[in-house]
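These notes concern the structure reproduced below.
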Amino acid sequence: MEKATFAGGCFWCMVTPFEELPGIHGIVSGYTGGSVTNPTYEEVKKGTTGHYEVVEITFDPEVFPYEKLLELYWPQINPTDPEGQFHDRGSQYRTAIFYHNVRQQELALSSRKAVEDSGRFDKPIVTEILPAERFYPAEEYHQDYHKKNVKHYKEDREKSGRDEFITEHWQVTDV
């Protein structure tokens, strides 16, 4: 098993694209990249801890290669927005790929280059490729939030503008 860690704005929205796929053994919402030990959601939400909201995915690379995770990651985000994602603003909602080994780093850099070279965006790609740091799981009520709070999750996602952006810029219609 390996780990993959992705920041794509609100961690609730970053769970669904990866769940229930063969080879995915777990997805945990949490925080990484900051200076505060054991941060709480309330602390991270303020944007003062340096942490990103992330999902940590445990996967079997023999069944679901890291390259496929990257292929799923990019169309979930606006990689040109340095100030957050969609209606979630602040450093805690920036995009980043946190690599766990040299191979992941190389693949992440290559995938970012492919997005840059695609001509899909007229602004620079700002998604960072960073070494994985200590991961802190978010509070239990954030885990599988989209299943526990279906109505609120759907309303929040709808008003965020994420799905419209994905459809317009990535030509993905099944979001």
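Identifiers in this document derive from the order of the structure tokens: chains are assigned A, B, ..., residues are numbered from 1 separately in each chain, and ligands are numbered from 1 in order of occurrence.
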Surrounding residues of range 142-155 of chain A excluding itself and chain neighbours under 6 positions, 9 Å, only C-alpha atoms, as a PyMOL selection string: chain A and resi 11-13+15-16+27-30
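Backbone DSSP assigns strand (DSSP E or B) in range 29-132 of chain A to Ser29, Gly30, Tyr31, Thr32, Tyr52, Glu53, Val54, Val55, Glu56, Ile57, Thr58, Phe59, Gly84, Gln85, Asp88, Arg89, Thr95, Ala96, Ile97, Phe98, Tyr99, Glu128, Ile129, Leu130 and Pro131 of chain A.
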Sorted by chain and rising residue number, list the residues of range 19-92 of chain A at most 9 Å from range 122-138 of chain A (counting only C-alpha atoms), each with its closest atom pair and distance in Å to one decimal, as a tab-separated table.
```
residue	atom	partner	partner_atom	distance
A:Val28	CA	A:Pro137	CA	6.5
A:Ser29	CA	A:Ala138	CA	5.6
A:Gly30	CA	A:Pro137	CA	4.1
A:Tyr31	CA	A:Tyr136	CA	5.2
A:Thr32	CA	A:Phe135	CA	5.0
A:Gly33	CA	A:Glu133	CA	5.9
A:Gly34	CA	A:Glu133	CA	8.5
A:Thr37	CA	A:Tyr136	CA	8.3
A:Asn38	CA	A:Tyr136	CA	6.2
A:Pro39	CA	A:Tyr136	CA	7.4
A:Thr40	CA	A:Ala138	CA	7.2
A:Tyr41	CA	A:Ala138	CA	6.8
A:Glu53	CA	A:Ala138	CA	8.8
A:Val54	CA	A:Phe135	CA	8.8
A:Val55	CA	A:Pro137	CA	8.9
A:Glu56	CA	A:Phe135	CA	8.0
A:Asn78	CA	A:Thr127	CA	8.7
A:Pro79	CA	A:Ile125	CA	5.3
A:Thr80	CA	A:Ile125	CA	4.7
A:Asp81	CA	A:Val126	CA	6.7
A:Pro82	CA	A:Val126	CA	6.1
```
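Residues in contact with Gly84 in chain A at 8 Å, where only C-alpha atoms are counted and same-chain residues fewer than 4 positions away are skipped, are listed as Gly9, Asp88, Arg89, Gly90, Ser91, Gln92, Tyr93, Arg94 and Thr95 of chain A.
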Those selected residues, please, written with N, CA and C atoms and delivered as a short mmCIF file (atom, residue, chain, number, x, y, z; two decimals), in the first residue's frame.
```
data_model
loop_
_atom_site.label_atom_id
_atom_site.label_comp_id
_atom_site.auth_asym_id
_atom_site.auth_seq_id
_atom_site.Cartn_x
_atom_site.Cartn_y
_atom_site.Cartn_z
N GLY A 9 -8.73 22.39 -2.19
CA GLY A 9 -9.79 23.21 -1.62
C GLY A 9 -10.49 22.42 -0.53
N ASP A 88 -14.26 28.84 -1.50
CA ASP A 88 -13.41 28.69 -0.31
C ASP A 88 -12.12 29.46 -0.54
N ARG A 89 -11.95 30.54 0.22
CA ARG A 89 -10.82 31.43 0.01
C ARG A 89 -9.85 31.32 1.19
N GLY A 90 -8.58 31.45 0.91
CA GLY A 90 -7.56 31.43 1.95
C GLY A 90 -6.50 30.37 1.68
N SER A 91 -5.38 30.52 2.35
CA SER A 91 -4.23 29.64 2.12
C SER A 91 -4.54 28.18 2.44
N GLN A 92 -5.47 27.94 3.35
CA GLN A 92 -5.83 26.57 3.71
C GLN A 92 -6.56 25.84 2.59
N TYR A 93 -7.03 26.56 1.58
CA TYR A 93 -7.78 25.98 0.47
C TYR A 93 -6.98 25.97 -0.84
N ARG A 94 -5.67 26.27 -0.77
CA ARG A 94 -4.84 26.21 -1.98
C ARG A 94 -4.69 24.77 -2.44
N THR A 95 -4.26 24.64 -3.70
CA THR A 95 -4.04 23.31 -4.26
C THR A 95 -2.58 22.90 -4.15
#
```
Using only C-alpha atoms: which of A:Ser118, A:Ile57, A:Gly161, A:Glu139 has the shortest distance to Tyr99 in chain A: A:Ile57
Point-to-point distance in Å for CA of Ala108 in chain A and CA of Arg120 in chain A: 17.8 Å
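One distance worth recording is that between CA of Thr5 in chain A and CA of Ser160 in chain A, which is 22.3 Å.
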Glu67 in chain A surroundings by only C-alpha atoms, 10 Å radius, close-in-sequence under 5 positions cut, as a list of chain:residue names: A:Pro61, A:Leu72, A:Tyr73, A:Gln104, A:Leu107, A:Ala108, A:Ser110, A:Ser111
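Of the listed residues (A:Trp170, A:Ala4, A:Phe165, A:His51), A:Trp170 comes nearest to Gly119 in chain A; the distances count only C-alpha atoms.
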A:Tyr141, A:Tyr52, A:Phe121, A:Tyr66 ranked by distance to Gly8 in chain A, top pick (using only C-alpha atoms): A:Tyr52
